[in-house]
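Peer 1: One file is attached below, work15.tsv, containing TSV, C-alpha atoms.
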chain	number	residue	atom	x	y	z
A	1	MET	CA	24.43	88.57	48.08
A	2	THR	CA	26.90	86.87	45.74
A	3	HIS	CA	29.15	89.84	44.93
A	4	LEU	CA	30.90	91.99	47.54
A	5	SER	CA	32.46	95.24	46.34
A	6	ASP	CA	31.90	99.00	46.66
A	7	ASP	CA	28.64	98.53	44.73
A	8	THR	CA	27.17	96.06	47.24
A	9	PHE	CA	28.82	97.11	50.51
A	10	GLU	CA	25.51	98.58	51.72
A	11	GLN	CA	24.00	95.10	51.77
A	12	LEU	CA	26.61	94.03	54.31
A	13	LEU	CA	25.95	96.78	56.86
A	14	PRO	CA	22.49	95.65	58.12
A	15	GLN	CA	24.15	92.47	59.37
A	16	ILE	CA	25.97	94.58	61.95
A	17	ARG	CA	22.70	95.34	63.72
A	18	ASN	CA	20.33	92.55	62.76
A	19	GLN	CA	22.33	89.33	63.04
A	20	ASP	CA	24.65	87.54	65.42
A	21	PHE	CA	26.93	86.71	62.51
A	22	ILE	CA	28.29	88.14	59.27
A	23	ASP	CA	27.21	85.85	56.44
A	24	LEU	CA	29.54	85.51	53.43
A	25	ARG	CA	28.56	81.96	52.50
A	26	SER	CA	27.01	82.83	49.14
A	27	ILE	CA	29.82	85.14	47.98
A	28	LYS	CA	31.17	84.15	44.55
A	29	PHE	CA	33.28	87.27	43.97
A	30	ILE	CA	34.97	89.66	46.37
A	31	ASP	CA	37.35	92.52	45.57
A	32	PRO	CA	39.74	94.50	47.81
A	33	PHE	CA	36.94	96.87	48.85
A	34	GLY	CA	34.82	93.92	49.97
A	35	MET	CA	37.68	92.29	51.87
A	36	VAL	CA	38.79	95.47	53.62
A	37	GLY	CA	35.14	96.35	54.26
A	38	VAL	CA	34.54	93.09	56.14
A	39	LEU	CA	37.65	93.69	58.24
A	40	GLU	CA	36.55	97.23	59.08
A	41	VAL	CA	33.11	95.91	60.07
A	42	GLY	CA	34.89	93.52	62.41
A	43	ARG	CA	37.06	96.28	63.82
A	44	TYR	CA	34.01	98.50	64.28
A	45	LEU	CA	32.30	95.73	66.26
A	46	GLU	CA	35.45	95.19	68.31
A	47	LEU	CA	35.41	98.84	69.35
A	48	LYS	CA	31.90	98.15	70.73
A	49	ASN	CA	33.18	95.02	72.52
A	50	ILE	CA	31.21	92.80	70.15
A	51	ARG	CA	32.67	89.72	68.49
A	52	LYS	CA	30.53	87.95	65.91
A	53	ALA	CA	30.90	84.80	63.88
A	54	LEU	CA	32.06	85.20	60.29
A	55	LEU	CA	30.44	82.58	58.06
A	56	LEU	CA	33.05	82.10	55.36
A	57	PRO	CA	32.33	81.80	51.62
A	58	GLU	CA	31.58	78.31	50.40
A	59	SER	CA	33.45	78.97	47.14
A	60	PRO	CA	36.97	77.46	47.24
A	61	ASP	CA	38.19	80.10	44.76
A	62	VAL	CA	37.01	82.94	46.98
A	63	LEU	CA	38.59	81.32	50.04
A	64	ARG	CA	41.90	80.99	48.20
A	65	TYR	CA	41.81	84.63	47.14
A	66	LEU	CA	41.05	85.71	50.70
A	67	GLU	CA	44.07	83.75	51.87
A	68	ARG	CA	46.23	85.17	49.08
A	69	MET	CA	45.28	88.71	50.10
A	70	ASP	CA	46.18	88.00	53.78
A	71	PHE	CA	42.54	88.44	54.81
A	72	PHE	CA	42.70	85.68	57.42
A	73	LYS	CA	45.80	87.25	58.96
A	74	TYR	CA	43.57	90.04	60.30
A	75	ALA	CA	40.08	88.52	60.36
A	76	ASP	CA	41.01	86.20	63.24
A	77	SER	CA	41.43	89.28	65.43
A	78	PHE	CA	37.84	90.44	64.94
A	79	PHE	CA	35.65	87.38	64.29
A	80	TYR	CA	34.95	83.81	65.26
A	81	MET	CA	35.63	82.01	61.99
A	82	GLU	CA	33.15	79.39	60.77
A	83	PRO	CA	34.50	77.00	59.68
A	84	GLU	CA	37.35	77.61	62.09
A	85	ASN	CA	39.98	76.14	59.77
A	86	PRO	CA	38.76	76.45	56.17
A	87	GLU	CA	40.17	73.93	53.73
A	88	LEU	CA	42.47	75.46	51.13
A	89	PRO	CA	43.59	72.53	48.99
A	90	GLU	CA	45.58	74.71	46.61
A	91	LYS	CA	46.82	78.13	47.60
A	92	TYR	CA	47.50	80.77	44.98
A	93	LEU	CA	51.24	81.04	44.44
A	94	ARG	CA	53.01	84.18	45.59
A	95	SER	CA	55.23	84.84	42.60
A	96	SER	CA	56.29	87.65	40.27
A	97	TYR	CA	53.36	86.67	38.06
A	98	THR	CA	50.78	87.46	40.73
A	99	ASP	CA	47.90	89.83	40.05
A	100	VAL	CA	48.20	91.20	43.58
A	101	LEU	CA	49.87	94.60	43.84
A	102	LEU	CA	49.41	94.76	47.58
A	103	GLU	CA	48.00	92.29	50.07
A	104	ILE	CA	45.70	93.75	52.71
A	105	THR	CA	48.00	95.95	54.78
A	106	PRO	CA	47.33	98.04	57.88
A	107	ILE	CA	48.09	101.76	57.96
A	108	THR	CA	48.83	103.05	61.43
A	109	LYS	CA	51.67	105.53	60.91
A	110	SER	CA	53.59	107.31	58.16
A	111	ASP	CA	56.26	104.59	58.13
A	112	ASP	CA	53.58	102.15	56.94
A	113	ILE	CA	53.03	104.29	53.84
A	114	HIS	CA	56.73	104.12	52.96
A	115	PHE	CA	56.57	100.33	53.28
A	116	ILE	CA	53.39	100.17	51.16
A	117	VAL	CA	54.82	102.38	48.41
A	118	GLY	CA	58.06	100.39	48.35
A	119	LYS	CA	56.23	97.09	48.07
A	120	VAL	CA	53.90	98.35	45.32
A	121	LYS	CA	56.80	99.83	43.37
A	122	LYS	CA	58.38	96.38	43.12
A	123	ARG	CA	55.24	94.96	41.50
A	124	ALA	CA	53.91	98.00	39.67
A	125	HIS	CA	55.91	97.66	36.47
A	126	THR	CA	55.14	93.96	36.14
A	127	ILE	CA	51.41	94.49	36.53
A	128	LEU	CA	50.66	98.04	35.39
A	129	GLU	CA	52.90	97.94	32.33
A	130	LYS	CA	51.92	94.43	31.28
A	131	HIS	CA	48.19	94.45	32.04
A	132	LEU	CA	47.19	98.12	31.91
A	133	CYS	CA	49.76	99.28	29.32
A	134	TYR	CA	50.88	102.15	31.58
A	135	ASP	CA	54.15	103.92	30.83
A	136	ASP	CA	56.67	105.10	33.44
A	137	ARG	CA	54.93	108.44	33.85
A	138	ALA	CA	51.59	106.81	34.53
A	139	ILE	CA	53.13	104.31	36.94
A	140	ASN	CA	54.82	107.12	38.87
A	141	GLY	CA	51.49	108.95	38.99
A	142	PHE	CA	49.88	105.80	40.33
A	143	ILE	CA	52.45	105.60	43.13
A	144	VAL	CA	51.93	109.25	44.05
A	145	ALA	CA	48.13	108.82	44.08
A	146	LEU	CA	48.42	105.74	46.27
A	147	SER	CA	50.68	107.56	48.70
A	148	GLU	CA	48.27	110.50	48.89
A	149	VAL	CA	45.18	108.41	49.52
A	150	CYS	CA	46.99	106.47	52.26
A	151	GLN	CA	48.30	109.68	53.78
A	152	ASN	CA	44.69	110.83	53.99
A	153	ILE	CA	44.22	108.30	56.80
A	154	ILE	CA	47.17	109.66	58.78
A	155	GLU	CA	46.25	113.30	58.15
A	156	HIS	CA	42.49	113.22	58.65
A	157	SER	CA	41.10	110.09	60.20
A	158	GLU	CA	42.78	110.23	63.63
A	159	ASN	CA	42.56	106.47	63.38
A	160	THR	CA	44.12	103.49	61.60
A	161	GLY	CA	43.10	101.84	58.36
A	162	PHE	CA	43.65	99.12	55.77
A	163	VAL	CA	44.62	99.16	52.09
A	164	GLY	CA	44.53	96.41	49.42
A	165	ILE	CA	45.22	96.45	45.66
A	166	GLN	CA	44.63	93.85	42.96
A	167	LYS	CA	44.34	93.49	39.19
A	168	TYR	CA	41.12	92.01	37.77
A	169	ARG	CA	39.59	91.21	34.43
A	170	PHE	CA	36.58	93.51	33.96
A	171	GLN	CA	34.36	91.12	32.05
A	172	LYS	CA	31.71	93.61	30.92
A	173	GLN	CA	34.27	95.64	28.99
A	174	ASP	CA	36.72	92.79	28.34
A	175	MET	CA	39.66	94.70	29.78
A	176	ASN	CA	42.00	94.66	32.76
A	177	VAL	CA	41.50	96.99	35.70
A	178	VAL	CA	43.34	97.62	38.95
A	179	LYS	CA	41.25	98.12	42.08
A	180	ILE	CA	42.47	100.02	45.12
A	181	ALA	CA	40.60	100.02	48.43
A	182	VAL	CA	41.54	102.23	51.38
A	183	MET	CA	39.43	102.46	54.55
A	184	ASP	CA	39.56	103.77	58.09
A	185	LEU	CA	37.24	104.14	61.06
A	186	GLY	CA	38.22	107.71	61.80
A	187	VAL	CA	36.28	110.93	62.19
A	188	GLY	CA	35.09	110.97	58.57
A	189	PHE	CA	34.98	113.77	56.02
A	190	ARG	CA	32.21	115.77	57.65
A	191	ALA	CA	33.93	116.12	61.02
A	192	SER	CA	37.31	116.72	59.41
A	193	ILE	CA	36.25	119.48	57.02
A	194	SER	CA	33.86	121.14	59.47
A	195	GLU	CA	36.89	122.07	61.56
A	196	ARG	CA	37.53	124.70	58.88
A	197	ILE	CA	34.21	125.54	57.19
A	198	PRO	CA	30.54	124.72	57.79
A	199	VAL	CA	29.15	121.64	56.04
A	200	LYS	CA	25.49	120.66	55.75
A	201	ASP	CA	25.82	116.90	55.84
A	202	ASP	CA	28.06	113.97	54.86
A	203	PHE	CA	27.39	114.37	51.14
A	204	ASP	CA	28.18	118.08	51.23
A	205	ALA	CA	31.49	117.24	52.89
A	206	LEU	CA	32.32	114.68	50.18
A	207	GLU	CA	31.56	117.16	47.40
A	208	LYS	CA	33.70	119.82	49.01
A	209	ALA	CA	36.60	117.42	49.48
A	210	LEU	CA	36.53	115.53	46.19
A	211	LEU	CA	35.20	118.10	43.72
A	212	HIS	CA	36.44	121.35	45.23
A	213	GLY	CA	39.63	120.32	47.00
A	214	VAL	CA	38.55	121.59	50.41
A	215	SER	CA	40.61	120.31	53.33
A	216	ARG	CA	40.72	120.80	57.09
A	217	HIS	CA	44.09	122.50	56.49
A	218	LEU	CA	44.20	126.05	55.23
A	219	ASP	CA	47.72	125.95	53.82
A	220	GLU	CA	48.02	124.42	50.37
A	221	GLY	CA	50.90	122.18	51.32
A	222	ARG	CA	48.79	119.95	53.54
A	223	GLY	CA	45.61	117.97	53.25
A	224	HIS	CA	44.92	118.51	49.56
A	225	GLY	CA	46.09	115.10	48.38
A	226	LEU	CA	42.59	114.00	47.41
A	227	ALA	CA	42.49	116.65	44.70
A	228	ALA	CA	45.70	115.21	43.26
A	229	VAL	CA	44.23	111.72	43.39
A	230	ARG	CA	41.09	112.88	41.56
A	231	LYS	CA	43.24	114.56	38.90
A	232	PHE	CA	45.26	111.39	38.33
A	233	VAL	CA	42.19	109.14	38.24
A	234	GLY	CA	40.50	111.52	35.80
A	235	LYS	CA	43.53	111.67	33.53
A	236	TRP	CA	43.52	107.89	33.17
A	237	ASN	CA	39.74	107.68	32.84
A	238	GLY	CA	39.32	105.81	36.10
A	239	LYS	CA	36.51	105.56	38.64
A	240	ILE	CA	36.73	106.86	42.19
A	241	THR	CA	34.15	106.33	44.92
A	242	ILE	CA	34.25	107.80	48.41
A	243	ARG	CA	31.88	106.79	51.16
A	244	SER	CA	31.76	108.47	54.56
A	245	GLY	CA	29.14	108.43	57.28
A	246	SER	CA	25.82	108.01	55.49
A	247	ALA	CA	26.74	109.26	51.99
A	248	LYS	CA	28.66	108.16	48.92
A	249	LEU	CA	29.99	110.15	45.96
A	250	SER	CA	31.43	108.66	42.77
A	251	ILE	CA	33.11	109.99	39.65
A	252	ILE	CA	32.17	107.45	37.00
A	253	PRO	CA	33.69	107.19	33.48
A	254	ASP	CA	31.58	106.03	30.55
A	255	TRP	CA	32.94	102.47	30.66
A	256	ALA	CA	32.00	101.90	34.32
A	257	PHE	CA	28.70	101.83	36.18
A	258	GLY	CA	27.21	102.90	39.50
A	259	ARG	CA	25.34	105.79	41.06
A	260	ARG	CA	27.09	109.13	41.30
A	261	LYS	CA	25.23	110.37	44.35
A	262	GLU	CA	23.92	108.32	47.28
A	263	MET	CA	22.55	109.71	50.54
A	264	ASN	CA	20.73	108.43	53.63
A	265	LEU	CA	22.77	105.23	53.68
A	266	SER	CA	23.30	103.13	56.80
A	267	TYR	CA	25.76	105.05	58.96
A	268	PHE	CA	29.30	103.69	59.04
A	269	PRO	CA	32.19	105.67	60.55
A	270	GLY	CA	35.34	106.90	58.87
A	271	SER	CA	35.97	106.88	55.14
A	272	GLN	CA	35.89	104.14	52.51
A	273	ILE	CA	37.65	104.88	49.22
A	274	SER	CA	37.59	102.79	46.04
A	275	ILE	CA	39.64	103.53	42.91
A	276	MET	CA	39.39	101.53	39.71
A	277	LEU	CA	41.89	102.18	36.90
A	278	PRO	CA	41.45	100.71	33.40
A	279	GLN	CA	43.99	99.62	30.86
A	280	VAL	CA	44.76	102.19	28.17
Can I see the file as structure tokens?
Peer 2:
Amino acid sequence: MTHLSDDTFEQLLPQIRNQDFIDLRSIKFIDPFGMVGVLEVGRYLELKNIRKALLLPESPDVLRYLERMDFFKYADSFFYMEPENPELPEKYLRSSYTDVLLEITPITKSDDIHFIVGKVKKRAHTILEKHLCYDDRAINGFIVALSEVCQNIIEHSENTGFVGIQKYRFQKQDMNVVKIAVMDLGVGFRASISERIPVKDDFDALEKALLHGVSRHLDEGRGHGLAAVRKFVGKWNGKITIRSGSAKLSIIPDWAFGRRKEMNLSYFPGSQISIMLPQV
């Protein structure tokens, strides 16, 4: 595996069961979903009182990006790092010209969301206006969508989570995109929604939540943020992917790629959300 993102996350999961280590040595590209995914794998193992070695990427560029996104700040808590002190001869500068909207950040309470939104607001105009050509209305919509998807962790997961956001150059379409990754190890969509209505399986729960706006809460004022996120992503022709339990559902625009419907995946708890927004 040379590429770690929402499209290849499934290749990482067998390492939880079949190896004494998590092997990232061949990774040449990793996005926020990949970074947060590795951390959540580590946290999942920690909950089982298991601590594995994390074999770090051999690519200096990938190591520098991991450092820039504060990956190592949290990875040390879950893994034995190999090498223990990776060499980073040149760190990416943390300046107003950065492509990072938000370093990997934990979400444990509502106050964290206020901090996240405030931090992203400071960088949003620089990045979203310059690289994605978003106007003020679109940027405000982006902030609202981010707040809603983070709030989903507090409202539904009964657990904590991580979020990370970065701008990339999407080479296949020769355009800029912003990628958002939000994950938790909570109860997942099936358990959450089944508190209100029957659901057949994980995929049925994802369809009800993402496509039909079903929530564990009956009143419209609570728990329906995902519908607002889908509306915003659709308006700006973006891609959204939600994975929970053993299923994954994606809404894919014509410029992107992936499989809309995936079932019978390796079980992983909680929810894993990826949003990709293109320049206009």
Peer 1: Find the residues near Val41 of chain A: any atom within 9 Å, counting all atoms listed in the file, skip ones fewer than 5 places away on the same chain, and give them as a list in words.
Peer 2: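 With the cut-off at 9 Å, the set is Leu12, Leu13, Ile16, Val36, Glu46, Phe78 and Phe268 of chain A.
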Peer 1: Write to file, as a PDB file, in the coordinates of the input, the residues of the selection just made, with C-alpha atoms.
Peer 2:
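The resulting file, result.pdb, is shown below:
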ATOM      1  CA  LEU A  12      26.610  94.030  54.310  1.00  0.00           C
ATOM      2  CA  LEU A  13      25.950  96.780  56.860  1.00  0.00           C
ATOM      3  CA  ILE A  16      25.970  94.580  61.950  1.00  0.00           C
ATOM      4  CA  VAL A  36      38.790  95.470  53.620  1.00  0.00           C
ATOM      5  CA  GLU A  46      35.450  95.190  68.310  1.00  0.00           C
ATOM      6  CA  PHE A  78      37.840  90.440  64.940  1.00  0.00           C
ATOM      7  CA  PHE A 268      29.300 103.690  59.040  1.00  0.00           C
TER       8      PHE A 268
END
Peer 1: Which polymer residues have any atom within 10 Å of an atom of segment 119-130 of chain A, counting all atoms listed in the file, with same-chain residues fewer than 6 positions away left out, as a list in words?
Peer 2: Ser96, Tyr97, Thr98, Asp99, Val100, Leu101, Leu102, Glu103, Ile113, Asp136, Ala138, Ile139, Asn140, Phe142, Ile143, Leu146, Ile165, Gln166, Lys167, Asn176, Val177, Val178, Leu277, Pro278 and Gln279 of chain A
Peer 1: Grab the atom CA of Phe21 of chain A to atom CA of Asp202 of chain A distance for me, in Å with one decimal place.
Peer 2: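 Those two atoms sit 28.3 Å apart.
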Peer 1: With all atoms listed in the file as the basis for distance, which of A:Leu132, A:Leu265, A:Ile275, A:Ala228 is at the shortest distance from Phe9 of chain A?
Peer 2: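 The closest residue to Phe9 of chain A is A:Leu265.
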Peer 1: Out of A:Ser250, A:Lys172, A:Gly270, A:Gly238, which residue has the shortest atom-to-atom distance to Phe189 of chain A when counting only C-alpha atoms?
Peer 2: A:Gly270
Peer 1: For a cutoff of 10 Å around the file-coordinate point (31.2, 112.8, 56.6), which residues qualify once you count all atoms listed in the file? I'd like the result as a PyMOL selection string.
Peer 2: chain A and resi 187-194+199-206+243-248+267-271
Peer 1: By how many Å are atom CA of Tyr44 of chain A and atom CA of Leu185 of chain A apart?
Peer 2: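 These two atoms are separated by 7.3 Å.
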Peer 1: Compare A:Ile107, A:Ala256, A:Val62, A:Ile50 by their minimum atom-to-atom distance to Leu88 of chain A, counting only C-alpha atoms, and give me the closest one.
Peer 2: A:Val62
Peer 1: Excluding Asp7 of chain A and its own-chain neighbours fewer than 2 positions away, which residues fall within 12 Å of it when counting only C-alpha atoms? Please give them as number ranges by chain.
Peer 2: A: 1-5, 9-12, 30-31, 33-34, 37, 240-243, 248-250, 256-260, 262, 273-274
Peer 1: Hey, which of A:Asp184, A:Glu148, A:Glu155, A:Asp76 ends up closest to Gly225 of chain A? Count all atoms listed in the file.
Peer 2: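 Going through A:Asp184, A:Glu148, A:Glu155, A:Asp76 one by one, the smallest distance to Gly225 of chain A is for A:Glu148.
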Peer 1: Counting all atoms listed in the file, which of A:Cys133, A:Ala75, A:Ile154, A:Ala145 gets nearest to Lys109 of chain A?
Peer 2: A:Ile154
Peer 1: Atom CA of Ser59 of chain A to atom CA of Trp255 of chain A: how many Å, to one decimal?
Peer 2: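 That distance, rounded to one decimal, is 28.7 Å.
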Peer 1: My list of candidates is A:Arg51, A:Val163, A:Glu84, A:Val144. Which is closest to Pro106 of chain A when distances are computed with all atoms listed in the file?
Peer 2: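 For Pro106 of chain A, the nearest of the candidates is A:Val163.
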Peer 1: Around the point (41.4, 112.2, 46.9) in the file's coordinates, collect all residues with an atom within 8 Å, using only C-alpha atoms, and return them as a VMD selection string.
Peer 2: chain A and resid 148 to 149 152 209 to 210 224 to 230
Peer 1: Box for segment 147-159 of chain A: with edges along x, y and z, all listed atoms inside and 5 Å added on each side, what are the centre and edge lengths in Å to one decimal, as AutoDock Vina command-line options?
Peer 2:
--center_x 45.9 --center_y 109.9 --center_z 56.2 --size_x 19.6 --size_y 16.8 --size_z 24.9
